[in-house]
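File shown here: data_30.cif, holding mmCIF, C-alpha atoms and all ligand atoms.
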data_start
#
loop_
_atom_site.group_PDB
_atom_site.id
_atom_site.type_symbol
_atom_site.label_atom_id
_atom_site.label_comp_id
_atom_site.auth_asym_id
_atom_site.auth_seq_id
_atom_site.Cartn_x
_atom_site.Cartn_y
_atom_site.Cartn_z
ATOM 1 C CA MET A 297 12.013 -31.241 -23.596
ATOM 2 C CA ILE A 298 9.058 -29.513 -21.938
ATOM 3 C CA ASP A 299 6.703 -27.483 -24.116
ATOM 4 C CA PHE A 300 6.383 -24.360 -21.970
ATOM 5 C CA LEU A 301 3.631 -22.858 -24.101
ATOM 6 C CA ALA A 302 1.477 -25.941 -23.713
ATOM 7 C CA LEU A 303 2.220 -25.912 -19.996
ATOM 8 C CA ILE A 304 1.069 -22.362 -19.622
ATOM 9 C CA GLN A 305 -1.989 -22.862 -21.817
ATOM 10 C CA SER A 306 -3.282 -25.779 -19.821
ATOM 11 C CA LYS A 307 -2.238 -24.248 -16.561
ATOM 12 C CA THR A 308 -5.294 -24.976 -14.445
ATOM 13 C CA ALA A 309 -5.406 -28.675 -15.247
ATOM 14 C CA ILE A 310 -1.662 -29.007 -14.794
ATOM 15 C CA ALA A 311 -1.667 -27.097 -11.527
ATOM 16 C CA ALA A 312 -4.342 -29.417 -10.159
ATOM 17 C CA ARG A 313 -2.330 -32.448 -11.288
ATOM 18 C CA ALA A 314 0.863 -30.954 -9.878
ATOM 19 C CA ARG A 315 -0.766 -30.418 -6.511
ATOM 20 C CA GLU A 316 -1.991 -34.035 -6.508
ATOM 21 C CA ILE A 317 1.477 -35.312 -7.298
ATOM 22 C CA VAL A 318 3.281 -33.123 -4.786
ATOM 23 C CA SER A 319 0.823 -33.854 -2.008
ATOM 24 C CA GLY A 320 1.076 -37.567 -2.799
ATOM 25 C CA GLU A 321 -2.620 -37.833 -3.571
ATOM 26 C CA ASP A 322 -2.146 -39.227 -7.052
ATOM 27 C CA ASN A 323 -3.675 -42.602 -7.604
ATOM 28 C CA LEU A 324 -3.387 -43.006 -11.348
ATOM 29 C CA PRO A 325 -3.028 -46.677 -12.425
ATOM 30 C CA ILE A 326 0.449 -45.954 -13.769
ATOM 31 C CA PHE A 327 1.726 -45.484 -10.241
ATOM 32 C CA ALA A 328 0.219 -48.711 -9.071
ATOM 33 C CA SER A 329 2.532 -50.951 -11.070
ATOM 34 C CA GLY A 330 5.635 -52.134 -9.170
ATOM 35 C CA GLY A 331 9.187 -51.649 -10.509
ATOM 36 C CA ALA A 332 9.013 -48.483 -12.611
ATOM 37 C CA LEU A 333 6.982 -46.796 -9.900
ATOM 38 C CA ALA A 334 9.788 -44.934 -8.112
ATOM 39 C CA GLN A 335 11.302 -43.640 -11.323
ATOM 40 C CA ILE A 336 8.013 -42.423 -12.698
ATOM 41 C CA ARG A 337 7.266 -40.714 -9.430
ATOM 42 C CA ILE A 338 10.570 -38.841 -9.417
ATOM 43 C CA ARG A 339 10.148 -37.789 -13.042
ATOM 44 C CA ASP A 340 6.586 -36.712 -12.450
ATOM 45 C CA TYR A 341 7.577 -34.868 -9.288
ATOM 46 C CA ARG A 342 10.294 -32.950 -11.175
ATOM 47 C CA PHE A 343 7.812 -32.207 -13.925
ATOM 48 C CA ALA A 344 5.381 -30.836 -11.353
ATOM 49 C CA GLN A 345 8.130 -28.693 -9.837
ATOM 50 C CA THR A 346 9.014 -27.279 -13.253
ATOM 51 C CA VAL A 347 5.360 -26.488 -13.909
ATOM 52 C CA MET A 348 5.057 -24.679 -10.610
ATOM 53 C CA SER A 349 8.254 -22.676 -11.091
ATOM 54 C CA VAL A 350 7.099 -21.627 -14.589
ATOM 55 C CA GLN A 351 3.797 -20.557 -13.061
ATOM 56 C CA ARG A 352 5.505 -18.618 -10.284
ATOM 57 C CA LYS A 353 7.713 -16.853 -12.840
ATOM 58 C CA ASN A 354 4.703 -15.957 -14.971
ATOM 59 C CA ALA A 355 2.940 -14.496 -11.968
ATOM 60 C CA LEU A 356 5.780 -12.004 -11.416
ATOM 61 C CA MET A 357 6.150 -8.677 -13.207
ATOM 62 C CA PRO A 358 9.094 -8.430 -15.609
ATOM 63 C CA GLN A 359 12.302 -7.354 -13.873
ATOM 64 C CA VAL A 360 12.338 -3.995 -15.658
ATOM 65 C CA SER A 361 8.821 -3.249 -14.303
ATOM 66 C CA GLN A 362 9.953 -4.082 -10.798
ATOM 67 C CA LEU A 363 12.975 -1.810 -11.174
ATOM 68 C CA PHE A 364 10.833 1.038 -12.516
ATOM 69 C CA PHE A 365 8.439 0.707 -9.573
ATOM 70 C CA LYS A 366 11.334 0.641 -7.111
ATOM 71 C CA SER A 367 12.892 3.813 -8.544
ATOM 72 C CA ALA A 368 9.417 5.405 -8.877
ATOM 73 C CA THR A 369 8.643 4.740 -5.212
ATOM 74 C CA ILE A 370 11.941 6.181 -3.988
ATOM 75 C CA LEU A 371 11.558 9.279 -6.187
ATOM 76 C CA PHE A 372 7.922 9.607 -5.039
ATOM 77 C CA LEU A 373 9.010 9.612 -1.394
ATOM 78 C CA LEU A 374 11.681 12.229 -2.138
ATOM 79 C CA GLY A 375 9.160 14.318 -4.153
ATOM 80 C CA ILE A 376 6.608 14.256 -1.356
ATOM 81 C CA ILE A 377 9.243 15.083 1.261
ATOM 82 C CA MET A 378 10.213 18.088 -0.870
ATOM 83 C CA GLY A 379 6.513 19.071 -1.166
ATOM 84 C CA LEU A 380 5.988 18.749 2.587
ATOM 85 C CA GLN A 381 9.131 20.741 3.236
ATOM 86 C CA MET A 382 7.805 23.537 0.985
ATOM 87 C CA GLY A 383 4.368 23.402 2.562
ATOM 88 C CA LEU A 384 5.697 23.425 6.125
ATOM 89 C CA SER A 385 8.283 26.147 5.554
ATOM 90 C CA GLY A 386 5.930 28.296 3.470
ATOM 91 C CA ASP A 387 8.771 28.784 0.974
ATOM 92 C CA HIS A 388 7.659 27.367 -2.392
ATOM 93 C CA THR A 389 10.648 28.519 -4.477
ATOM 94 C CA ALA A 390 11.852 24.968 -5.181
ATOM 95 C CA PHE A 391 8.528 23.953 -6.758
ATOM 96 C CA PRO A 392 9.918 23.215 -10.270
ATOM 97 C CA ALA A 393 12.287 20.570 -8.802
ATOM 98 C CA HIS A 394 9.406 19.138 -6.734
ATOM 99 C CA ALA A 395 7.039 19.113 -9.742
ATOM 100 C CA HIS A 396 9.525 17.398 -12.066
ATOM 101 C CA LEU A 397 10.722 14.949 -9.424
ATOM 102 C CA ASN A 398 7.136 13.793 -8.982
ATOM 103 C CA LEU A 399 6.111 13.913 -12.634
ATOM 104 C CA LEU A 400 9.260 12.473 -14.244
ATOM 105 C CA GLY A 401 10.278 10.370 -11.247
ATOM 106 C CA TRP A 402 7.044 8.920 -9.910
ATOM 107 C CA VAL A 403 4.341 9.341 -12.565
ATOM 108 C CA SER A 404 6.350 8.633 -15.734
ATOM 109 C CA SER A 405 8.467 5.841 -14.209
ATOM 110 C CA ALA A 406 5.300 4.122 -12.968
ATOM 111 C CA ILE A 407 3.774 4.445 -16.452
ATOM 112 C CA PHE A 408 6.878 2.834 -17.994
ATOM 113 C CA GLY A 409 6.769 0.029 -15.395
ATOM 114 C CA THR A 410 3.065 -0.523 -16.060
ATOM 115 C CA TYR A 411 3.607 -0.628 -19.825
ATOM 116 C CA TYR A 412 6.238 -3.371 -19.462
ATOM 117 C CA ALA A 413 4.028 -5.316 -17.058
ATOM 118 C CA LEU A 414 1.132 -5.190 -19.518
ATOM 119 C CA ASN A 415 3.394 -6.102 -22.460
ATOM 120 C CA PRO A 416 5.881 -8.629 -21.057
ATOM 121 C CA ALA A 417 7.059 -9.500 -24.585
ATOM 122 C CA LYS A 418 8.300 -5.914 -24.953
ATOM 123 C CA ALA A 419 10.176 -6.203 -21.646
ATOM 124 C CA ALA A 420 12.489 -8.881 -23.069
ATOM 125 C CA GLY A 421 16.015 -8.167 -24.301
ATOM 126 C CA ARG A 422 18.512 -5.439 -23.470
ATOM 127 C CA LEU A 423 16.706 -2.355 -24.760
ATOM 128 C CA PRO A 424 14.157 -2.049 -21.900
ATOM 129 C CA MET A 425 16.918 -2.369 -19.278
ATOM 130 C CA LEU A 426 19.033 0.217 -21.118
ATOM 131 C CA GLN A 427 15.982 2.476 -21.226
ATOM 132 C CA PHE A 428 15.495 2.104 -17.469
ATOM 133 C CA ILE A 429 19.139 2.932 -16.748
ATOM 134 C CA VAL A 430 19.378 5.918 -19.113
ATOM 135 C CA TYR A 431 16.045 7.407 -18.017
ATOM 136 C CA THR A 432 16.711 7.006 -14.283
ATOM 137 C CA VAL A 433 20.286 8.314 -14.509
ATOM 138 C CA GLY A 434 18.834 11.320 -16.386
ATOM 139 C CA ILE A 435 16.499 12.115 -13.493
ATOM 140 C CA VAL A 436 19.285 11.745 -10.936
ATOM 141 C CA VAL A 437 21.489 14.116 -12.969
ATOM 142 C CA MET A 438 18.679 16.613 -13.666
ATOM 143 C CA ILE A 439 16.748 17.078 -10.401
ATOM 144 C CA PRO A 440 19.365 18.076 -7.767
ATOM 145 C CA PRO A 441 20.801 20.914 -9.932
ATOM 146 C CA LEU A 442 17.216 21.914 -10.832
ATOM 147 C CA TYR A 443 16.580 22.273 -7.098
ATOM 148 C CA PHE A 444 19.527 24.663 -6.696
ATOM 149 C CA LEU A 445 18.658 26.452 -9.958
ATOM 150 C CA SER A 446 15.129 27.076 -8.612
ATOM 151 C CA LEU A 447 16.671 28.524 -5.459
ATOM 152 C CA GLY A 448 18.617 31.002 -7.625
ATOM 153 C CA ASN A 449 21.946 29.336 -8.441
ATOM 154 C CA ALA A 450 22.175 30.100 -12.182
ATOM 155 C CA ALA A 451 25.461 28.167 -12.530
ATOM 156 C CA MET A 452 23.400 24.943 -12.290
ATOM 157 C CA GLU A 453 21.674 25.512 -15.610
ATOM 158 C CA PRO A 454 24.091 23.526 -17.851
ATOM 159 C CA LEU A 455 23.811 20.496 -15.538
ATOM 160 C CA VAL A 456 20.029 20.658 -15.649
ATOM 161 C CA GLY A 457 20.347 20.807 -19.444
ATOM 162 C CA ILE A 458 22.588 17.717 -19.536
ATOM 163 C CA GLY A 459 20.219 15.818 -17.219
ATOM 164 C CA SER A 460 17.245 16.822 -19.391
ATOM 165 C CA MET A 461 18.980 15.515 -22.519
ATOM 166 C CA ILE A 462 19.677 12.174 -20.805
ATOM 167 C CA VAL A 463 15.998 11.975 -19.773
ATOM 168 C CA PHE A 464 15.102 12.784 -23.385
ATOM 169 C CA ALA A 465 17.370 9.930 -24.570
ATOM 170 C CA GLY A 466 15.543 7.605 -22.141
ATOM 171 C CA VAL A 467 12.210 8.662 -23.642
ATOM 172 C CA LEU A 468 13.566 8.111 -27.181
ATOM 173 C CA LEU A 469 14.592 4.587 -26.169
ATOM 174 C CA PHE A 470 11.098 3.994 -24.782
ATOM 175 C CA THR A 471 9.643 5.193 -28.092
ATOM 176 C CA ALA A 472 11.887 2.663 -29.864
ATOM 177 C CA VAL A 473 10.589 -0.108 -27.570
ATOM 178 C CA VAL A 474 6.943 0.847 -28.119
ATOM 179 C CA PHE A 475 7.329 0.966 -31.900
ATOM 180 C CA SER A 476 9.506 -2.154 -32.121
ATOM 181 C CA ARG A 477 7.967 -5.291 -33.568
ATOM 182 C CA GLN A 478 6.368 -7.576 -31.009
ATOM 183 C CA ALA A 479 8.790 -10.422 -30.242
HETATM 184 C C1 LIG B 501 2.188 15.250 0.136
HETATM 185 C C2 LIG B 501 2.515 15.476 -1.105
HETATM 186 C C3 LIG B 501 2.744 16.832 -1.722
HETATM 187 C C4 LIG B 501 2.889 18.076 -1.145
HETATM 188 C C5 LIG B 501 2.878 18.439 0.329
HETATM 189 C C6 LIG B 501 3.085 19.025 -2.223
HETATM 190 C C7 LIG B 501 3.288 20.392 -2.054
HETATM 191 C C8 LIG B 501 3.438 21.290 -3.065
HETATM 192 C C9 LIG B 501 3.659 22.715 -2.906
HETATM 193 C C10 LIG B 501 3.752 23.427 -1.555
HETATM 194 C C11 LIG B 501 3.749 23.264 -4.131
HETATM 195 C C12 LIG B 501 4.005 24.727 -4.469
HETATM 196 C C13 LIG B 501 2.694 25.337 -4.858
HETATM 197 C C14 LIG B 501 2.881 26.748 -5.390
HETATM 198 O O1 LIG B 501 3.493 27.569 -4.684
HETATM 199 O O2 LIG B 501 2.445 27.023 -6.503
HETATM 200 C C15 LIG B 501 3.593 22.195 -5.087
HETATM 201 C C16 LIG B 501 3.611 22.363 -6.452
HETATM 202 C C17 LIG B 501 3.468 21.341 -7.361
HETATM 203 N N1 LIG B 501 3.306 19.993 -7.071
HETATM 204 FE FE1 LIG B 501 3.206 19.181 -5.259
HETATM 205 N N2 LIG B 501 3.024 18.329 -3.411
HETATM 206 C C18 LIG B 501 2.815 16.999 -3.150
HETATM 207 C C19 LIG B 501 2.717 15.974 -4.064
HETATM 208 C C20 LIG B 501 2.755 16.153 -5.428
HETATM 209 C C21 LIG B 501 2.649 15.077 -6.395
HETATM 210 C C22 LIG B 501 2.454 13.607 -6.037
HETATM 211 C C23 LIG B 501 2.726 15.633 -7.628
HETATM 212 C C24 LIG B 501 2.682 15.008 -8.984
HETATM 213 C C25 LIG B 501 2.347 13.768 -9.238
HETATM 214 C C26 LIG B 501 2.893 17.074 -7.434
HETATM 215 C C27 LIG B 501 3.002 17.981 -8.439
HETATM 216 C C28 LIG B 501 3.175 19.325 -8.264
HETATM 217 C C29 LIG B 501 3.261 20.264 -9.376
HETATM 218 C C30 LIG B 501 3.169 19.933 -10.855
HETATM 219 C C31 LIG B 501 3.467 21.529 -8.807
HETATM 220 C C32 LIG B 501 3.640 22.823 -9.531
HETATM 221 C C33 LIG B 501 2.269 23.448 -9.719
HETATM 222 C C34 LIG B 501 2.396 24.792 -10.371
HETATM 223 O O3 LIG B 501 2.803 24.858 -11.527
HETATM 224 O O4 LIG B 501 2.087 25.769 -9.680
HETATM 225 N N3 LIG B 501 2.918 17.337 -6.090
HETATM 226 N N4 LIG B 501 3.412 20.997 -4.426
HETATM 227 C C1 LIG B 502 13.362 16.482 -19.559
HETATM 228 C C2 LIG B 502 12.063 16.749 -19.515
HETATM 229 C C3 LIG B 502 11.467 18.076 -19.168
HETATM 230 C C4 LIG B 502 11.994 19.324 -19.252
HETATM 231 C C5 LIG B 502 13.373 19.730 -19.756
HETATM 232 C C6 LIG B 502 10.989 20.265 -18.774
HETATM 233 C C7 LIG B 502 11.140 21.635 -18.711
HETATM 234 C C8 LIG B 502 10.255 22.510 -18.149
HETATM 235 C C9 LIG B 502 10.425 23.935 -18.052
HETATM 236 C C10 LIG B 502 11.626 24.706 -18.607
HETATM 237 C C11 LIG B 502 9.344 24.422 -17.396
HETATM 238 C C12 LIG B 502 9.080 25.902 -17.034
HETATM 239 C C13 LIG B 502 9.626 26.117 -15.650
HETATM 240 C C14 LIG B 502 9.393 27.533 -15.129
HETATM 241 O O1 LIG B 502 9.350 28.468 -15.917
HETATM 242 O O2 LIG B 502 9.280 27.656 -13.907
HETATM 243 C C15 LIG B 502 8.482 23.327 -17.075
HETATM 244 C C16 LIG B 502 7.308 23.414 -16.366
HETATM 245 C C17 LIG B 502 6.453 22.370 -16.139
HETATM 246 N N1 LIG B 502 6.594 21.074 -16.590
HETATM 247 FE FE1 LIG B 502 8.240 20.325 -17.459
HETATM 248 N N2 LIG B 502 9.869 19.554 -18.401
HETATM 249 C C18 LIG B 502 10.112 18.232 -18.642
HETATM 250 C C19 LIG B 502 9.257 17.173 -18.412
HETATM 251 C C20 LIG B 502 7.982 17.315 -17.904
HETATM 252 C C21 LIG B 502 7.052 16.219 -17.772
HETATM 253 C C22 LIG B 502 7.326 14.780 -18.207
HETATM 254 C C23 LIG B 502 5.930 16.725 -17.197
HETATM 255 C C24 LIG B 502 4.652 16.052 -16.820
HETATM 256 C C25 LIG B 502 4.480 14.725 -16.783
HETATM 257 C C26 LIG B 502 6.160 18.148 -16.967
HETATM 258 C C27 LIG B 502 5.288 19.013 -16.365
HETATM 259 C C28 LIG B 502 5.540 20.341 -16.151
HETATM 260 C C29 LIG B 502 4.658 21.196 -15.363
HETATM 261 C C30 LIG B 502 3.371 20.750 -14.689
HETATM 262 C C31 LIG B 502 5.245 22.459 -15.366
HETATM 263 C C32 LIG B 502 4.721 23.718 -14.617
HETATM 264 C C33 LIG B 502 5.255 23.647 -13.189
HETATM 265 C C34 LIG B 502 6.684 24.095 -13.067
HETATM 266 O O3 LIG B 502 7.023 25.208 -13.551
HETATM 267 O O4 LIG B 502 7.507 23.351 -12.505
HETATM 268 N N3 LIG B 502 7.416 18.453 -17.419
HETATM 269 N N4 LIG B 502 9.061 22.171 -17.541
#

Starting from the coordinates I provided, produce the structure as structure tokens.
Ligand code: HEM
Ligand code: HEM
Amino acid sequence: MIDFLALIQSKTAIAARAREIVSGEDNLPIFASGGALAQIRIRDYRFAQTVMSVQRKNALMPQVSQLFFKSATILFLLGIIMGLQMGLSGDHTAFPAHAHLNLLGWVSSAIFGTYYALNPAKAAGRLPMLQFIVYTVGIVVMIPPLYFLSLGNAAMEPLVGIGSMIVFAGVLLFTAVVFSRQA
């Protein structure tokens, strides 16, 4: 059984050793002794591979951070396109949809993603993923009707309200994550 914590803690030394083993540059006495040689090599090689895959995994952001940055980027693009459309047309009536698309969609999502990246322990389990889904669905439900509401379609108001409540639920879930005990 590999002690992952110890692996991570002594990562520099292990990485150097792993590189030696993988590149075949190892010349420790243990490898110089006949029969058991091949077996030890294979075991050591697998060990080195495990070390490197643990290191690669640790270098990545948690999945929920990656998802938040993906949704944030898409919503950012849409928010900017809406801003450019307003600027170019000279008609700014849709500005509340633009403002909230950028602020809820880009800014807040990126803050959530950053929080999880800085606190990977809090990104574990189902709650963060549920928070991502609820929050993002909320934005998708809220913003399009807000756009039409801003343009004067009053019938859209209940939908905007429902979307806002879903966003609110997403923020409540985030509050629960932040205040939960560190795993
Ligand atoms: C190229 C990018 C952008 C363009 C062309 C753009 C354009 C505009 C325009 C034309 C307005 C209406 C201004 C008015 O009539 O009062 C506006 C409002 C607004 N934009 Fe943007 N925007 C851009 C990016 C952003 C971003 C990235 C954010 C937030 C992170 C943002 C937040 C806002 C807010 C909060 C308002 C409402 C301001 C108010 O209350 O008057 N915008 N934007
Ligand atoms: C579900 C969440 C939210 C709801 C229901 C909400 C609701 C509102 C409402 C009713 C207004 C007044 C609109 C008007 O009279 O034209 C407003 C304006 C504004 N809100 Fe929010 N808001 C939310 C989240 C946020 C967040 C997270 C931010 C910033 C990070 C923000 C920034 C602003 C700004 C800058 C304005 C003035 C620009 C505008 O009128 O669009 N809001 N919001």

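Under the PyMOL selection byres (((not hetatm)) within 6 of (chain B and resi 501)), the matching residues in the shown file are Ile376, Gly379, Leu380, Met382, Gly383, His388, Phe391, Ala395, Asn398, Leu399 and Val403 of chain A.
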
Hey, could you make a per-residue contact list for chain A against ligand LIG 502 (chain B) with 8 Å as the cut-off, showing the nearest pair of atoms and its distance in Å to one decimal, counting all atoms listed in the file, sorted by chain and number, as a tab-separated table?
residue	atom	partner	partner_atom	distance
A:Phe391	CA	B:LIG502	O4	5.9
A:Pro392	CA	B:LIG502	O4	3.3
A:Ala393	CA	B:LIG502	O4	6.7
A:His394	CA	B:LIG502	O4	7.4
A:Ala395	CA	B:LIG502	O4	5.1
A:His396	CA	B:LIG502	N3	5.8
A:Leu399	CA	B:LIG502	C25	4.5
A:Leu400	CA	B:LIG502	C22	5.0
A:Val403	CA	B:LIG502	C25	6.8
A:Ser404	CA	B:LIG502	C25	6.5
A:Met438	CA	B:LIG502	C1	7.9
A:Ser446	CA	B:LIG502	O2	7.9
A:Val456	CA	B:LIG502	C5	7.9
A:Gly457	CA	B:LIG502	C5	7.1
A:Gly459	CA	B:LIG502	C1	7.3
A:Ser460	CA	B:LIG502	C1	3.9
A:Met461	CA	B:LIG502	C1	6.4
A:Ile462	CA	B:LIG502	C1	7.7
A:Val463	CA	B:LIG502	C1	5.2
A:Phe464	CA	B:LIG502	C1	5.6

Could you please take those selected residues and save C-alpha atoms as an mmCIF file, in the coordinates of the input?
data_model
loop_
_atom_site.group_PDB
_atom_site.id
_atom_site.type_symbol
_atom_site.label_atom_id
_atom_site.label_comp_id
_atom_site.auth_asym_id
_atom_site.auth_seq_id
_atom_site.Cartn_x
_atom_site.Cartn_y
_atom_site.Cartn_z
ATOM 1 C CA PHE A 391 8.528 23.953 -6.758
ATOM 2 C CA PRO A 392 9.918 23.215 -10.270
ATOM 3 C CA ALA A 393 12.287 20.570 -8.802
ATOM 4 C CA HIS A 394 9.406 19.138 -6.734
ATOM 5 C CA ALA A 395 7.039 19.113 -9.742
ATOM 6 C CA HIS A 396 9.525 17.398 -12.066
ATOM 7 C CA LEU A 399 6.111 13.913 -12.634
ATOM 8 C CA LEU A 400 9.260 12.473 -14.244
ATOM 9 C CA VAL A 403 4.341 9.341 -12.565
ATOM 10 C CA SER A 404 6.350 8.633 -15.734
ATOM 11 C CA MET A 438 18.679 16.613 -13.666
ATOM 12 C CA SER A 446 15.129 27.076 -8.612
ATOM 13 C CA VAL A 456 20.029 20.658 -15.649
ATOM 14 C CA GLY A 457 20.347 20.807 -19.444
ATOM 15 C CA GLY A 459 20.219 15.818 -17.219
ATOM 16 C CA SER A 460 17.245 16.822 -19.391
ATOM 17 C CA MET A 461 18.980 15.515 -22.519
ATOM 18 C CA ILE A 462 19.677 12.174 -20.805
ATOM 19 C CA VAL A 463 15.998 11.975 -19.773
ATOM 20 C CA PHE A 464 15.102 12.784 -23.385
#

Write out as a list in words the residues lying within 9 Å of Val467 in chain A, counting all atoms listed in the file and excluding same-chain residues fewer than 6 positions away. Gln427, Val430 and Tyr431 of chain A

Keeping C-alpha atoms for every residue in the selection just given, could you write it to a file as a compact mmCIF listing (two decimals), in the coordinates of the input?
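Listed below is the output, out-v2.txt:
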# COMPACT_ATOMS: atom_id res chain seq x y z
CA GLN A 427 15.98 2.48 -21.23
CA VAL A 430 19.38 5.92 -19.11
CA TYR A 431 16.05 7.41 -18.02

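Restricting the calculation to only C-alpha atoms, the smallest distance between Lys418 in chain A and any of A:Met357, A:Ala465, A:Ile439, A:Val473 is found for A:Val473.
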
Give the padded box for range 466-477 of chain A as lines of an AutoDock Vina configuration file: axis-aligned, covering all atoms listed in the file, 4 Å on each side, centre and edge lengths in Å to one decimal.
center_x = 11.2
center_y = 1.7
center_z = -27.9
size_x = 16.6
size_y = 22.0
size_z = 19.4

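Among the candidates A:Ala413, A:Leu397, A:Ile407, A:Leu384, the residue lying nearest to Leu356 in chain A is A:Ala413 (atoms considered: all atoms listed in the file).
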
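For the file shown, the residue list from the PyMOL selection byres (((chain A and resi 362) around 12) and not hetatm) reads A:Leu356, A:Met357, A:Pro358, A:Gln359, A:Val360, A:Ser361, A:Leu363, A:Phe364, A:Phe365, A:Lys366, A:Ser367, A:Ala368, A:Thr369, A:Ser405, A:Ala406, A:Ile407, A:Phe408, A:Gly409, A:Thr410, A:Tyr411, A:Tyr412, A:Ala413, A:Pro416, A:Ala419, A:Met425, A:Phe428.
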
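Note that CA of Ala417 in chain A and CA of Gly434 in chain A are 25.3 Å apart.
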
CA of Gly386 in chain A to CA of Val436 in chain A: how many Å, to one decimal? 25.7 Å

Extract, using only C-alpha atoms, all DNA, RNA and protein residues at most 10 Å from Ile370 in chain A, discarding same-chain residues fewer than 5 positions from it, and format them as an MDAnalysis selection string. chainID A and resid 365 375 401:402

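Among the candidate residues A:Ala390, A:Ala420, A:Met452, A:Ile435, the one lying nearest to Leu371 in chain A is A:Ile435, with distances computed using only C-alpha atoms.
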
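Reported to one decimal place, the separation of CA of Ile458 in chain A from CA of Leu445 in chain A is 13.5 Å.
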